[in-house]
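What follows is a set of notes on a single structure, which appears directly below.
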Amino acid sequence: MRTTILFISTILIALSMVSCQNQGHNQLDRDVSKEKTAFQTSGQWKPVTDVRADVAIVYGAGDRPARDGRPAMTFEERVQTWRDRGYTTHFMTGIAWGNYQDYFTGEWDGKWHLDEGQKTVKGDTIWHGRMVPYIVPSLNFIEYIKQKHVKKVIDAGIDAIHMEEPEFWMRAGYSDAFKREWEEYYGFPWRPQHESPENTYLSNKLKYHLYYRALDEVFTFAKEYGKSKGMNVRCYVPTHSLVNYSSWQIVSPEASLASLPAMDGYIAQVWTGTSREPTYFDGLKKERVFENAFLEYGSMESMTRPTGRKMFFLTDPIEDWPRDWVDYKKNYQATFSAQLLYPMIADYEVMPWPDRIYEGLYKTCDTCTTKERIPRFYSTQMQVMINTLNDMPRSENKVSGSHGIGVLMSNSLMFQRFPTHDGYDDPQFSNFYGQTLPLLKRGIPVSTVHIENVGYPDTWKDLKVLVMSYANMKPMKAEYHQFIADWVKNGGVLVYCGKDIDPYQTVMEWWNSDGNSYKAPSQHLFELMKLGTDTPGTGEYACGKGKVYVIREEPKEFVLNANYDSNYFETIKKAFETTPNGGQLETKNSLYLERGPYMIAAVMDESISNDPMTLKGVFIDLFDPALPVLTEKSVIPGEQAFLYNVEFIKGKSKPAVLCGASRIYDEVSKRGFYSFVAKSPLETNNVSRVLLPKKPSEVVVKNPAGEVITNAEHAWDDTSGTCLLKFENDPDGILVEIKW
């Protein structure tokens, strides 16, 4: 790894920990810029799960009883095991579910609260686990989270709190707890959501509000309580993307949280499990993991960019659903590549649950019956990839292709997915994918724009064409339209797709109440753009310095039907290339980006050609656990590449670990000599490429006891000027000494 990590002695680490613990945890001046990489874990430190990221996010505030040979351990003791190893510690727990049995069974306040679980129309509770229902977050439950969990972890010296997955299932909304919240919020009796589109819309709008309120209350309390103890507590929401929640029929506050005063940022929970959700394109329903991940990460990045909140991107080397190691590896590479194609994001949760990754048993292939722990080749590759994230720079570079096309999104995408009404269906969220996949599959790095952010000037930066539809969402505020209309009048180009025929067009909302009588919300927007009070038909319209293109078809048709997206694409092409815009809309079957020395490439199938992308130079293949040096790399459709460009290095006289399956500490470099300490989990193999001024004359590798490891291997590559090292990892550190 090329990053140089300054040597800090064990004594100083220990002193800093004691200082933190004995001085009221005064962390107002913590350097949070060093919290670049993280992972979440419910367990204590173990040598086989010592991931070597910056932050260990400790999950759950409960004390652990002795079980399966594991000693009893308090929450504070569990946290301390990570601090003792030099980690900064954060805290995470679920806001919609968790091991809160003491709340549900009355231990906390003497009252039974299982009636606060989310329930379906049949009266069935939606469970996350045994005695763990998905929760209707009442004010009483919020108070429990504050007093029993948040207060405890702040007292333990933790100054960063993650409230995970604020999730309300769309099929829920029938419990007594929800009915009480309905009457309090709306002022009239509860209505069953399945009986009308308006009831569905009102039900989901309330679900959205309840978790917005919950997070606002909890985070405000955390900030205030932290300040009372001299701490600057930061508050984050680990959450699936708006794309995924809409697809999976879950309601969550999403983009609106970015404007909460007590909200500091998000973790974008995007991984194989979310991205493999099948989508339609060209009439075919199947998994499109890379493309879906690209759109998911994009929706998270655009959600926070105008508000300046911090964003961690997560990916997972496996997933929740049991599959096989071959499947995990392929899809990990796809999601990992997708996250790197957003060069403005450089903070990462490198994995969740290292215990299940390193110690879990999974099939060795799809048709195999045997299960094994993670193969050594895959753990090596994974650790190489994770260590690049410790080094991954932000970059001003852009992904290859034509930029400036965005697709409008709204939190209300989650309001009309379930149940269906009046025979109108949106299979697999196709009204969204109908606007995005025809562009992405042609190599256009389409972005997403959140309607909740249109009031921020940065939302409009570099945007040339805005694509929108109200077929699957509705504007929750009239003021959004004025920002869109002003942008068009000042030279923007709007492409509106849709017939405005879905049953939610007529729900009781601002566009048809309080003096407004529009049959569809789009009529209000068209009126502001001086296109008349009647709904304009398919065509091209002038609007100030800008233009409006109307396509009177539902966007879902562009992907549900084979060979049916050409008219949509040609309209986008015209909108991009003609006045007030200009330039050529580039189409291709790939995306490519350089971030410092790192090269990321993805070639898509179902595109304009089946040609591979061929890259030439001198680079190291980071998806290959052998770290081979290549002078040419061919990437075929459906695959991705991740390379380290050796030619990027200017002046190769300074030795450095360019890449490897361990994190590098305590580097010493002097004339004819270079040494470093490599740390990574036990029971894994290290492979590293070390840049040297010349071929080494001696390489000595020592274990933590100072003994020479005789079976360590090294080999010189003259083309790249690198030495390949191989040895067994150890979290206590392997010392490497090189002479030339």
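As shown in the structure tokens, the chain order sets the letters A, B, ...; within each chain, residues go from 1, and ligands are also counted from 1 in the order they appear.
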
Residues near Ile161 of chain A, cut-off 9 Å, only C-alpha atoms, skip fewer than 2 positions along chain, as number ranges by chain: A: 57, 90-93, 150, 153-154, 158-159, 163, 219, 222, 233-237

For N, CA and C atoms, I'd like the residues from the last selection saved as an mmCIF file, in the first residue's frame.
data_model
loop_
_atom_site.group_PDB
_atom_site.id
_atom_site.type_symbol
_atom_site.label_atom_id
_atom_site.label_comp_id
_atom_site.auth_asym_id
_atom_site.auth_seq_id
_atom_site.Cartn_x
_atom_site.Cartn_y
_atom_site.Cartn_z
ATOM 1 N N ILE A 57 -17.211 -0.338 14.278
ATOM 2 C CA ILE A 57 -18.551 0.080 14.691
ATOM 3 C C ILE A 57 -19.151 -1.074 15.489
ATOM 4 N N HIS A 90 -17.146 3.290 17.127
ATOM 5 C CA HIS A 90 -18.471 3.866 16.974
ATOM 6 C C HIS A 90 -19.489 2.873 17.529
ATOM 7 N N PHE A 91 -20.746 3.283 17.514
ATOM 8 C CA PHE A 91 -21.832 2.420 17.976
ATOM 9 C C PHE A 91 -22.932 2.367 16.920
ATOM 10 N N MET A 92 -23.531 1.182 16.745
ATOM 11 C CA MET A 92 -24.655 1.033 15.831
ATOM 12 C C MET A 92 -25.726 0.161 16.469
ATOM 13 N N THR A 93 -26.971 0.512 16.207
ATOM 14 C CA THR A 93 -28.087 -0.349 16.565
ATOM 15 C C THR A 93 -29.235 -0.049 15.617
ATOM 16 N N VAL A 150 -28.683 4.960 23.845
ATOM 17 C CA VAL A 150 -27.843 6.102 23.466
ATOM 18 C C VAL A 150 -27.066 6.632 24.668
ATOM 19 N N VAL A 153 -24.077 4.301 25.659
ATOM 20 C CA VAL A 153 -22.879 4.255 24.824
ATOM 21 C C VAL A 153 -22.104 5.570 24.888
ATOM 22 N N ILE A 154 -22.821 6.681 25.077
ATOM 23 C CA ILE A 154 -22.107 7.950 25.255
ATOM 24 C C ILE A 154 -21.347 7.939 26.576
ATOM 25 N N ILE A 158 -18.239 6.750 23.560
ATOM 26 C CA ILE A 158 -18.424 6.670 22.105
ATOM 27 C C ILE A 158 -19.069 7.956 21.607
ATOM 28 N N ASP A 159 -18.456 8.561 20.602
ATOM 29 C CA ASP A 159 -18.933 9.855 20.122
ATOM 30 C C ASP A 159 -19.482 9.797 18.694
ATOM 31 N N MET A 163 -27.799 4.908 13.772
ATOM 32 C CA MET A 163 -29.137 4.331 13.933
ATOM 33 C C MET A 163 -29.536 3.714 12.598
ATOM 34 N N PHE A 219 -31.384 11.726 17.642
ATOM 35 C CA PHE A 219 -30.139 12.432 17.331
ATOM 36 C C PHE A 219 -30.031 13.746 18.109
ATOM 37 N N ALA A 222 -28.951 12.801 21.518
ATOM 38 C CA ALA A 222 -27.551 12.371 21.539
ATOM 39 C C ALA A 222 -26.611 13.568 21.500
ATOM 40 N N VAL A 233 -20.890 14.525 19.713
ATOM 41 C CA VAL A 233 -21.448 13.270 19.225
ATOM 42 C C VAL A 233 -21.943 13.460 17.790
ATOM 43 N N ARG A 234 -21.494 12.553 16.940
ATOM 44 C CA ARG A 234 -21.925 12.574 15.537
ATOM 45 C C ARG A 234 -22.953 11.483 15.292
ATOM 46 N N CYS A 235 -23.912 11.769 14.430
ATOM 47 C CA CYS A 235 -25.055 10.888 14.236
ATOM 48 C C CYS A 235 -25.195 10.514 12.768
ATOM 49 N N TYR A 236 -25.244 9.212 12.506
ATOM 50 C CA TYR A 236 -25.306 8.695 11.145
ATOM 51 C C TYR A 236 -26.481 7.730 10.991
ATOM 52 N N VAL A 237 -26.938 7.602 9.745
ATOM 53 C CA VAL A 237 -27.994 6.644 9.419
ATOM 54 C C VAL A 237 -27.472 5.673 8.371
#

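For Lys46 of chain A, the list of residues within 12 Å, based on only C-alpha atoms and with local chain neighbours fewer than 5 positions off taken out, reads A:Thr41, A:Val51, A:Arg52, A:Arg70, A:Arg78, A:Thr81, A:Trp82, A:Asp84, A:Arg85, A:Pro354, A:Asp355, A:Tyr358, A:Glu359, A:Ser680, A:Pro681, A:Leu682, A:Glu683, A:Asp730, A:Pro731, A:Asp732.
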
In terms of the shortest atom-to-atom distance over only C-alpha atoms, which of A:Glu277, A:Glu164, A:Glu184, A:Asp347 is closest to Trp248 of chain A? A:Glu277

Close residues, segment 460-464 of chain A itself excluded, 8 Å, only C-alpha atoms, min 3 positions apart in chain, as a PyMOL selection string: chain A and resi 403-406+454+456-457+487+492-493+576+581

Out of segment 109-199 of chain A, which residues get alpha helix (DSSP H) from DSSP, as a PyMOL selection string? chain A and resi 139-144+151-155+176-186+197-199

Quick one: residues within 9 Å of Lys489 of chain A, only C-alpha atoms, excluding same-chain residues fewer than 3 positions away - as a ChimeraX atom specification? /A:484-486,492-493,529,542-547
